[in-house]
>>> print(open('input_12.txt').read())   # compact mmCIF, C-alpha atoms
# COMPACT_ATOMS: atom_id res chain seq x y z
CA MET V 108 -27.26 -17.00 40.50
CA ASN V 109 -26.58 -16.17 44.11
CA ARG V 110 -23.16 -16.70 45.65
CA GLN V 111 -24.09 -19.81 47.61
CA LEU V 112 -25.51 -21.54 44.53
CA ASN V 113 -22.49 -20.36 42.56
CA LYS V 114 -20.19 -22.01 45.07
CA LYS V 115 -22.07 -25.31 44.89
CA LEU V 116 -22.15 -25.36 41.10
CA SER V 117 -18.53 -24.25 40.58
CA PRO V 118 -16.98 -27.75 40.76
CA PHE V 119 -19.59 -29.14 38.34
CA ILE V 120 -18.99 -26.30 35.87
CA GLY V 121 -15.24 -26.70 36.35
CA TYR V 122 -15.36 -30.39 35.40
CA LEU V 123 -17.63 -29.58 32.45
CA LEU V 124 -15.08 -26.98 31.41
CA ILE V 125 -12.25 -29.52 31.55
CA ALA V 126 -14.31 -32.06 29.59
CA THR V 127 -15.16 -29.44 26.95
CA ILE V 128 -11.57 -28.28 26.44
CA ILE V 129 -10.15 -31.81 26.34
CA SER V 130 -12.79 -33.20 23.97
CA TYR V 131 -12.87 -30.13 21.71
CA TYR V 132 -9.13 -29.37 21.54
CA ALA V 133 -7.60 -32.81 22.11
CA GLY V 134 -10.36 -35.29 21.31
CA LEU V 135 -9.70 -35.91 17.64
CA ASN V 136 -8.07 -39.33 18.15
CA LEU V 137 -10.81 -40.33 20.59
CA GLY V 138 -13.58 -39.30 18.24
CA LEU V 139 -14.76 -36.70 20.76
CA GLN V 140 -14.00 -33.48 18.91
CA GLU V 141 -17.52 -33.13 17.49
CA VAL V 142 -19.04 -33.98 20.88
CA GLY V 143 -16.93 -31.24 22.43
CA PHE V 144 -17.87 -28.69 19.77
CA ILE V 145 -21.51 -29.55 19.04
CA VAL V 146 -22.65 -30.62 22.53
CA LEU V 147 -20.38 -29.54 25.40
CA PHE V 148 -19.21 -26.20 24.03
CA PRO V 149 -22.76 -24.79 23.53
CA ILE V 150 -23.80 -26.10 26.98
CA LEU V 151 -20.80 -24.41 28.57
CA PHE V 152 -21.57 -21.18 26.72
CA ALA V 153 -25.22 -21.28 27.84
CA ILE V 154 -24.19 -21.84 31.47
CA THR V 155 -21.67 -19.00 31.23
CA LEU V 156 -24.25 -16.66 29.74
CA LEU V 157 -26.85 -17.62 32.35
CA ASN V 158 -24.40 -17.06 35.16
CA ASP V 159 -22.68 -13.94 33.84
CA LYS V 160 -25.56 -12.37 31.88
CA ALA V 161 -22.98 -10.97 29.41
CA VAL V 162 -21.64 -8.58 32.07
CA SER V 163 -18.06 -9.59 31.28
CA ILE V 164 -18.48 -8.46 27.68
CA ILE V 165 -19.19 -4.86 28.64
CA LYS V 166 -16.86 -4.93 31.64
CA TYR V 167 -13.62 -5.24 29.68
CA GLN V 168 -12.35 -3.08 26.83
CA GLU V 169 -10.95 -6.06 24.96
CA THR V 170 -14.25 -7.94 24.86
CA ILE V 171 -16.14 -4.85 23.69
CA ILE V 172 -13.61 -4.27 20.90
CA PHE V 173 -13.65 -7.93 19.90
CA LEU V 174 -17.47 -7.89 19.75
CA LEU V 175 -17.42 -4.71 17.65
CA PHE V 176 -14.93 -6.35 15.30
CA LEU V 177 -17.18 -9.42 15.01
CA VAL V 178 -20.27 -7.35 14.18
CA LEU V 179 -18.49 -5.16 11.65
CA THR V 180 -16.97 -8.21 9.96
CA PHE V 181 -20.48 -9.09 8.80
CA THR V 182 -20.58 -5.97 6.58
CA ALA V 183 -18.43 -7.84 4.06
CA VAL V 184 -21.57 -9.66 2.80
CA PHE V 185 -22.29 -6.48 0.82
CA TYR V 186 -18.94 -6.57 -1.04
CA THR V 187 -19.36 -7.17 -4.77
CA ASN V 188 -16.65 -9.81 -5.20
CA ILE V 189 -17.15 -11.68 -1.94
CA ASP V 190 -16.79 -15.46 -1.90
CA TYR V 191 -19.72 -16.29 0.38
CA ASP V 192 -18.63 -19.84 1.18
CA LYS V 193 -15.23 -18.72 2.41
CA PHE V 194 -16.78 -15.74 4.21
CA ILE V 195 -19.37 -17.82 6.08
CA PHE V 196 -16.77 -20.44 7.05
CA THR V 197 -14.36 -17.81 8.44
CA PHE V 198 -17.07 -15.68 10.05
CA ASN V 199 -18.27 -18.74 11.95
CA LYS V 200 -14.71 -19.39 13.13
CA ILE V 201 -14.45 -15.81 14.43
CA LEU V 202 -17.84 -16.15 16.12
CA VAL V 203 -16.78 -19.35 17.89
CA ALA V 204 -13.47 -17.71 18.84
CA PHE V 205 -15.39 -14.82 20.41
CA ILE V 206 -17.62 -17.21 22.36
CA ALA V 207 -14.52 -19.08 23.58
CA ALA V 208 -12.94 -15.77 24.61
CA TYR V 209 -16.09 -14.84 26.53
CA ILE V 210 -16.12 -18.20 28.31
CA GLY V 211 -12.45 -17.76 29.19
CA ILE V 212 -12.80 -14.34 30.76
CA ALA V 213 -16.24 -14.84 32.35
CA LEU V 214 -15.66 -18.16 34.09
CA SER V 215 -12.15 -17.30 35.26
CA THR V 216 -13.30 -14.06 36.89
CA LYS V 217 -16.98 -14.53 37.76
CA MET V 218 -16.65 -18.05 39.17
CA SER V 219 -12.88 -18.20 39.85
CA LEU V 220 -12.42 -21.25 37.64
CA GLU V 221 -9.01 -20.26 36.30
CA ASP V 222 -7.27 -23.39 37.63
CA TYR V 223 -9.66 -25.66 35.72
CA PHE V 224 -8.66 -23.99 32.45
CA HIS V 225 -4.96 -24.50 33.16
CA VAL V 226 -5.42 -28.13 34.16
CA ALA V 227 -7.45 -28.77 30.99
CA TYR V 228 -4.82 -27.28 28.67
CA ILE V 229 -2.07 -29.29 30.37
CA ILE V 230 -4.05 -32.55 30.09
CA SER V 231 -4.85 -31.74 26.45
CA LEU V 232 -1.16 -31.46 25.64
CA PHE V 233 -0.44 -34.83 27.25
CA ILE V 234 -3.31 -36.42 25.30
CA ILE V 235 -2.32 -35.17 21.84
CA ILE V 236 1.31 -36.18 22.45
CA TYR V 237 0.29 -39.59 23.80
CA PHE V 238 -1.68 -40.43 20.66
CA GLU V 239 1.23 -39.45 18.43
CA TYR V 240 3.38 -41.76 20.56
CA SER V 241 0.86 -44.60 20.35
CA SER V 242 0.63 -44.19 16.56
CA GLY V 243 4.42 -44.40 16.23
CA ASN V 244 4.92 -40.82 15.08
CA PHE V 245 6.62 -39.68 18.30
CA ASN V 246 9.38 -41.36 20.28
CA LEU V 247 11.19 -39.85 23.25
CA ALA V 248 14.41 -41.59 22.27
CA THR V 249 14.46 -40.35 18.66
CA PHE V 250 12.30 -37.23 18.76
CA TYR V 251 15.04 -35.14 17.11
CA ALA V 252 15.14 -37.37 14.01
CA PRO V 253 11.52 -38.40 13.32
CA THR V 254 10.58 -40.85 10.60
CA ALA V 255 7.04 -39.46 10.24
CA MET V 256 6.24 -36.63 7.83
CA ARG V 257 4.54 -33.46 9.08
CA TYR V 258 1.26 -34.42 7.36
CA ASP V 259 1.22 -37.79 9.17
CA PHE V 260 0.19 -36.15 12.45
CA ALA V 261 -3.44 -35.94 13.54
CA TYR V 262 -3.38 -32.15 13.84
CA ASN V 263 -1.70 -29.40 11.88
CA ALA V 264 1.99 -29.61 12.84
CA ASN V 265 2.04 -26.13 14.37
CA TYR V 266 -0.94 -26.95 16.61
CA TYR V 267 1.39 -28.93 18.85
CA SER V 268 3.57 -25.87 19.39
CA TYR V 269 0.57 -23.67 20.22
CA MET V 270 -0.79 -26.15 22.77
CA SER V 271 2.70 -26.63 24.21
CA LEU V 272 3.05 -22.87 24.66
CA PHE V 273 -0.28 -22.56 26.48
CA ALA V 274 0.31 -25.64 28.65
CA ASN V 275 3.73 -24.25 29.53
CA PHE V 276 2.25 -20.93 30.66
CA SER V 277 -0.40 -22.85 32.59
CA ILE V 278 2.21 -24.73 34.62
CA PHE V 279 4.02 -21.42 35.18
CA ARG V 280 0.82 -19.94 36.60
CA LEU V 281 -0.01 -22.94 38.77
CA HIS V 282 3.52 -23.13 40.15
CA LEU V 283 3.58 -19.46 41.11
CA LYS V 284 0.24 -19.95 42.82
CA TYR V 285 0.83 -23.25 44.67
CA LYS V 286 4.53 -24.20 44.49
CA THR V 287 4.02 -27.93 45.09
CA LYS V 288 6.15 -30.91 44.10
CA TRP V 289 3.64 -31.63 41.33
CA THR V 290 3.92 -28.18 39.80
CA LEU V 291 7.71 -28.43 40.07
CA LEU V 292 7.59 -31.75 38.22
CA GLY V 293 5.39 -30.07 35.61
CA LEU V 294 7.98 -27.32 35.15
CA ILE V 295 10.43 -30.02 34.07
CA LEU V 296 8.17 -32.41 32.18
CA ILE V 297 5.97 -30.04 30.16
CA PRO V 298 8.78 -27.98 28.57
CA PHE V 299 10.67 -31.19 27.77
CA LEU V 300 7.64 -32.75 26.04
CA GLY V 301 6.85 -29.47 24.27
CA ILE V 302 10.38 -29.13 22.91
CA ALA V 303 10.52 -32.82 21.99
CA ILE V 304 7.25 -32.69 20.00
CA SER V 305 8.43 -29.44 18.37
CA PHE V 306 11.49 -31.30 17.08
CA THR V 307 9.31 -34.17 15.88
CA VAL V 308 6.75 -32.09 13.97
CA GLN V 309 9.54 -29.68 12.96
CA THR V 310 7.89 -26.50 14.13
CA ARG V 311 10.42 -23.68 14.42
CA SER V 312 8.14 -21.37 16.40
CA GLY V 313 7.39 -24.08 18.95
CA LEU V 314 11.06 -24.78 19.54
CA LEU V 315 12.25 -21.18 19.75
CA PHE V 316 9.45 -19.78 21.88
CA LEU V 317 9.42 -22.67 24.35
CA LEU V 318 13.14 -22.20 24.91
CA LEU V 319 12.64 -18.44 25.29
CA ILE V 320 9.79 -18.51 27.80
CA ASN V 321 11.39 -21.20 29.97
CA ALA V 322 14.70 -19.33 30.10
CA LEU V 323 12.90 -16.09 31.04
CA PHE V 324 10.74 -17.86 33.62
CA TRP V 325 13.74 -19.14 35.56
CA LEU V 326 15.98 -16.11 35.05
CA TRP V 327 13.40 -13.34 35.43
CA VAL V 328 9.86 -14.35 36.43
CA ASN V 329 10.57 -16.88 39.19
CA LYS V 330 13.61 -15.23 40.72
CA GLY V 331 12.28 -15.17 44.27
CA LYS V 332 13.43 -12.84 47.03
CA ILE V 333 16.83 -13.95 48.30
CA LYS V 334 18.24 -11.47 50.79
CA ASN V 335 21.39 -13.39 51.64
CA PRO V 336 24.03 -12.25 49.10
CA ILE V 337 25.92 -15.57 49.28
CA LYS V 338 22.73 -17.55 48.49
CA LEU V 339 21.95 -15.09 45.68
CA ILE V 340 25.40 -15.57 44.12
CA LEU V 341 25.13 -19.34 44.55
CA ARG V 342 21.71 -19.40 42.86
CA LYS V 343 22.99 -17.40 39.89
CA ALA V 344 26.06 -19.63 39.60
CA LEU V 345 23.97 -22.80 39.66
CA LEU V 346 21.57 -21.40 37.07
CA LEU V 347 24.50 -20.43 34.85
CA ILE V 348 26.09 -23.89 35.11
CA PHE V 349 22.73 -25.54 34.47
CA ALA V 350 22.12 -23.28 31.45
CA VAL V 351 25.56 -24.02 29.97
CA VAL V 352 25.13 -27.79 30.39
CA LEU V 353 21.65 -27.65 28.86
CA SER V 354 22.90 -25.50 25.97
CA PHE V 355 25.61 -28.01 25.06
CA GLN V 356 23.17 -30.88 25.32
CA PHE V 357 20.59 -29.00 23.24
CA TYR V 358 23.18 -28.24 20.55
CA ASN V 359 24.17 -31.91 20.35
CA ILE V 360 20.53 -32.87 19.85
CA TYR V 361 19.87 -30.03 17.40
CA ASP V 362 22.95 -30.92 15.35
CA LYS V 363 21.54 -34.41 14.76
CA SER V 364 17.97 -33.26 14.15
CA ASN V 365 15.88 -32.77 11.02
CA ILE V 366 14.46 -29.45 12.18
CA GLN V 367 17.69 -27.61 11.38
CA ASN V 368 16.79 -27.94 7.69
CA ARG V 369 13.72 -25.79 8.34
CA ILE V 370 15.51 -23.03 10.26
CA GLY V 371 16.02 -20.12 7.94
CA GLU V 372 13.26 -21.15 5.55
CA ASP V 373 10.85 -18.37 4.69
CA ALA V 374 8.08 -20.32 3.02
CA ARG V 375 5.37 -17.96 4.33
CA GLY V 376 7.16 -14.68 3.69
CA HIS V 377 5.58 -14.34 0.27
CA LEU V 378 2.12 -14.74 1.81
CA ALA V 379 2.76 -11.86 4.21
CA ALA V 380 4.11 -9.73 1.37
CA ARG V 381 1.09 -10.54 -0.78
CA GLY V 382 -1.22 -9.79 2.16
CA PHE V 383 0.27 -6.33 2.50
CA GLU V 384 -0.23 -5.74 -1.23
CA VAL V 385 -3.89 -6.72 -0.90
CA PHE V 386 -4.26 -4.32 2.03
CA VAL V 387 -2.77 -1.50 -0.08
CA ASP V 388 -5.26 -2.34 -2.85
CA TYR V 389 -8.23 -2.41 -0.43
CA PRO V 390 -7.08 -0.20 2.48
CA PHE V 391 -10.47 0.71 3.94
CA THR V 392 -12.69 -2.31 3.37
CA GLY V 393 -10.33 -5.25 2.92
CA VAL V 394 -11.47 -8.19 0.79
CA GLY V 395 -13.71 -9.81 3.40
CA ALA V 396 -13.22 -12.54 5.99
CA GLY V 397 -11.69 -15.69 4.52
CA ASN V 398 -11.22 -14.12 1.10
CA PHE V 399 -7.48 -13.44 1.15
CA ALA V 400 -7.07 -17.02 -0.10
CA ASN V 401 -8.59 -15.91 -3.40
CA TYR V 402 -5.90 -13.25 -3.84
CA ASN V 403 -2.76 -15.41 -3.66
CA ARG V 404 -1.50 -18.28 -5.78
CA ALA V 405 -1.13 -20.62 -2.80
CA ARG V 406 -4.87 -20.21 -2.06
CA ALA V 407 -3.92 -20.03 1.61
CA PHE V 408 -4.33 -17.67 4.56
CA SER V 409 -1.42 -15.40 5.43
CA HIS V 410 -0.26 -17.15 8.65
CA ASN V 411 0.05 -13.65 10.13
CA ASN V 412 -2.55 -12.16 12.45
CA TYR V 413 -1.81 -8.54 11.56
CA ILE V 414 -1.56 -9.01 7.80
CA GLU V 415 -4.70 -11.17 7.73
CA ALA V 416 -6.67 -8.59 9.73
CA LEU V 417 -5.62 -5.68 7.52
CA SER V 418 -5.95 -7.46 4.16
CA GLU V 419 -9.35 -9.02 4.89
CA HIS V 420 -10.93 -6.31 7.04
CA GLY V 421 -9.22 -3.06 6.10
CA LEU V 422 -7.59 -0.43 8.27
CA PHE V 423 -10.43 0.36 10.69
CA MET V 424 -11.74 -3.15 11.37
CA GLY V 425 -8.27 -4.68 11.18
CA ALA V 426 -6.96 -2.18 13.71
CA LEU V 427 -9.70 -3.24 16.14
CA ILE V 428 -8.51 -6.84 16.39
CA ILE V 429 -4.88 -5.70 16.54
CA ILE V 430 -5.81 -3.50 19.51
CA VAL V 431 -7.34 -6.54 21.23
CA PHE V 432 -3.91 -8.19 21.23
CA VAL V 433 -1.83 -5.09 21.97
CA LEU V 434 -3.92 -3.50 24.74
CA PRO V 435 -3.34 -6.23 27.39
CA CYS V 436 0.41 -5.91 26.84
CA PHE V 437 0.26 -2.21 27.77
CA LYS V 438 -1.94 -3.03 30.76
CA SER V 439 0.38 -5.77 31.96
CA TYR V 440 3.38 -3.47 31.58
CA LYS V 441 1.59 -0.86 33.69
CA LEU V 442 0.97 -3.49 36.39
CA PHE V 443 4.57 -4.63 36.18
CA SER V 444 5.78 -1.04 36.57
CA SER V 445 3.71 -0.67 39.75
CA ASP V 446 5.45 -3.65 41.37
CA ARG V 447 8.46 -5.00 39.47
CA SER V 448 9.11 -7.70 42.06
CA ASN V 449 5.70 -9.36 41.62
CA PRO V 450 6.22 -12.67 39.71
CA GLU V 451 2.57 -12.76 38.59
CA TYR V 452 2.95 -9.35 36.93
CA ARG V 453 6.17 -10.53 35.28
CA LEU V 454 4.43 -13.64 33.99
CA ASN V 455 1.52 -11.63 32.58
CA LEU V 456 3.90 -9.28 30.79
CA LEU V 457 5.90 -12.21 29.42
CA PHE V 458 2.78 -13.91 28.06
CA PHE V 459 1.28 -10.88 26.33
CA ALA V 460 4.63 -9.71 24.94
CA VAL V 461 5.38 -13.17 23.54
CA PHE V 462 1.87 -13.47 22.11
CA ILE V 463 2.26 -10.19 20.23
CA ILE V 464 5.31 -11.66 18.50
CA TYR V 465 3.63 -15.04 18.08
CA ASN V 466 0.85 -13.38 16.09
CA ASN V 467 3.28 -13.16 13.19
CA ILE V 468 2.99 -16.94 12.87
CA TYR V 469 -0.73 -17.70 12.89
CA VAL V 470 -4.15 -16.03 12.63
CA PHE V 471 -5.23 -16.49 16.23
CA TYR V 472 -8.39 -14.36 16.21
CA GLN V 473 -9.99 -17.17 14.17
CA ALA V 474 -8.90 -19.89 16.62
CA SER V 475 -11.15 -20.62 19.58
CA PHE V 476 -8.49 -22.52 21.56
CA ALA V 477 -6.17 -19.51 21.34
CA MET V 478 -8.72 -16.81 22.12
CA MET V 479 -10.07 -18.74 25.11
CA TYR V 480 -6.56 -18.92 26.55
CA PHE V 481 -5.69 -15.33 25.66
CA PHE V 482 -8.74 -13.94 27.46
CA LEU V 483 -8.17 -16.32 30.36
CA MET V 484 -4.76 -14.72 30.89
>>> encode(input="input_12.txt", output="C-alpha cells")
Amino acid sequence: MNRQLNKKLSPFIGYLLIATIISYYAGLNLGLQEVGFIVLFPILFAITLLNDKAVSIIKYQETIIFLLFLVLTFTAVFYTNIDYDKFIFTFNKILVAFIAAYIGIALSTKMSLEDYFHVAYIISLFIIIYFEYSSGNFNLATFYAPTAMRYDFAYNANYYSYMSLFANFSIFRLHLKYKTKWTLLGLILIPFLGIAISFTVQTRSGLLFLLLINALFWLWVNKGKIKNPIKLILRKALLLIFAVVLSFQFYNIYDKSNIQNRIGEDARGHLAARGFEVFVDYPFTGVGAGNFANYNRARAFSHNNYIEALSEHGLFMGALIIIVFVLPCFKSYKLFSSDRSNPEYRLNLLFFAVFIIYNNIYVFYQASFAMMYFFLM
C-alpha cells in the first residue's frame, strides 16, 4: 500500500483494531468474544499482513526469536509420550499469541496506530469491570470486602489484574504524549478501579504491581523538569504528604479487606518446584507444549513463564522465549542510559522490568492479549 492510501485507511483499521480488542478481550459478557476471535481477529491479521508483508517479523530480533520458538515447538509431536490433545490446544494458543504480537508491533510502527491499542485496552478494562458491577460482584463502596467468590467472576480472577496493568501503562503513555485533562483524569480513575477490582477478586499481583507502577510513575517517570529549587522542594513535599495520606487510607482499607488472608499464601510454589524437577528430568527436549499438566498432581500449568518454558520446551527452546522477554529490557535500559531525563525511556524501562518480574505469575507467551501488548510497547 502506498502512503496516501495508508493514511486514508488508517482510521478504518484503527477502529477495526479497537473493535477486535474489545470484543475479543472484553466481550465475554456481551457474547462477542467468539466474533472477536473467529471473525475480527483473522480480518485484522490479514489486513496487517497485506499492509506489512511480514516485514516487521524479520525487522525485529524479538519477532524472529518468537517465530523460531513457535516453529521449534512443533517438534514435540515426535515425542513418544506426548499428549496430542493438550499439545494441539497449547500450540494453537502460542500461534494466536504470535499473531497478536505481530499485529501489535506491525500496526503500531508501520501505520502509527499505537494510540488505538491504548484506547482499546483502557475501554476493555472499563467494560469488564462494568459487567462485574452490573452482576453485583463488584461495588465501589465495599470493594475491599466482597461477597462474591473468585469463581463467580466472568473471567479468571487474575485476568482483571493483567488488564488493569496494561490499561494503567496505556494511560501513562497517553498522558506523557498528550497531557490533557482527560489523560490526567485517567491517571486517577484507572489506578483506582484497578486496585479496587484487585481487592474484589483478591489478586495479590494486581494489587502490589499497580501500587508499585503508580508510585514509580509519579516519583520517577513523570518528574518533569523543574528548574526553580523552591518549586522542586514544594513538589517533593506535596508528593510526600499525598503519599503518606494515601498510605494511611490504603492501610485502613487493607486492614478491613479479605485479600489480606491471601497475602503470604504460596499455593503455586509447589507447581514451580515441580516444574523445575520436570526440567531437570527432560533438560534438552522438555515434555512438550501443554504437557506439564500431566506431570503434576494438580493437573495444572505452572503459573510461571520461565518454569513453563523450560519444563515443556527444554533448555534451548525455553531459552528462546525467555530471551524474547529479557531482550527488550536490556534495550530499554540502553535507551534510558542515553537520556536519563526522557520520561518515555523511563516508562519503557519500567514496563519491561516489571513484566520480567510479572512473568513469575503467569505463562504470558501463551496469552494473545499479553503478547499483543508486550510487542506494542
>>> atom_distance(input="input_12.txt", atom1="CA of Val203 (chain V)", atom2="CA of Ser231 (chain V)")
19.2 Å
>>> atom_distance(input="input_12.txt", atom1="CA of Ile125 (chain V)", atom2="CA of Val226 (chain V)")
7.4 Å
>>> closest_residue(input="input_12.txt", among="V:Tyr186, V:Phe443, V:Tyr237, V:Phe273", to="Phe316 (chain V)", atoms="all atoms listed in the file")
V:Phe273
>>> residues_around(input="input_12.txt", residues="region 149-166 of chain V", least_positions_apart="6", cutoff="10 Å", atoms="only C-alpha atoms", output="JSON, numbers by chain")
{"V": [108, 109, 113, 120, 121, 123, 124, 127, 143, 172, 173, 174, 203, 206, 207, 208, 209, 210, 211, 212, 213, 214, 216, 217, 218]}
>>> residues_around(input="input_12.txt", residues="Gln140 (chain V)", least_positions_apart="6", cutoff="10 Å", atoms="all atoms listed in the file", output="list in words")
Thr127, Ile128, Ile129, Ser130, Tyr131, Tyr132, Ala133, Gly134, Val146 and Leu147 of chain V
>>> residues_around(input="input_12.txt", residues="Tyr413 (chain V)", least_positions_apart="3", cutoff="9 Å", atoms="all atoms listed in the file", output="VMD selection string")
chain V and resid 416 to 418 425 to 426 428 to 429 466 to 467 470
>>> residues_around(input="input_12.txt", residues="Tyr465 (chain V)", least_positions_apart="2", cutoff="10 Å", atoms="all atoms listed in the file", output="ChimeraX atom specification")
/V:269,312-313,316,411-412,459-463,467-471
>>> atom_distance(input="input_12.txt", atom1="CA of Ser268 (chain V)", atom2="CA of Phe224 (chain V)")
18.0 Å
>>> closest_residue(input="input_12.txt", among="V:Ile302, V:Leu434, V:Ile171, V:Ala204", to="Ile236 (chain V)", atoms="all atoms listed in the file")
V:Ile302
>>> residues_around(input="input_12.txt", residues="Ala405 (chain V)", least_positions_apart="4", cutoff="9 Å", atoms="all atoms listed in the file", output="count of residues only")
3
>>> closest_residue(input="input_12.txt", among="V:Ala303, V:Leu457, V:Ile297, V:Ala380", to="Ile229 (chain V)", atoms="all atoms listed in the file")
V:Ile297
>>> closest_residue(input="input_12.txt", among="V:Leu202, V:Cys436, V:Ala379, V:Leu294", to="Met478 (chain V)", atoms="all atoms listed in the file")
V:Leu202
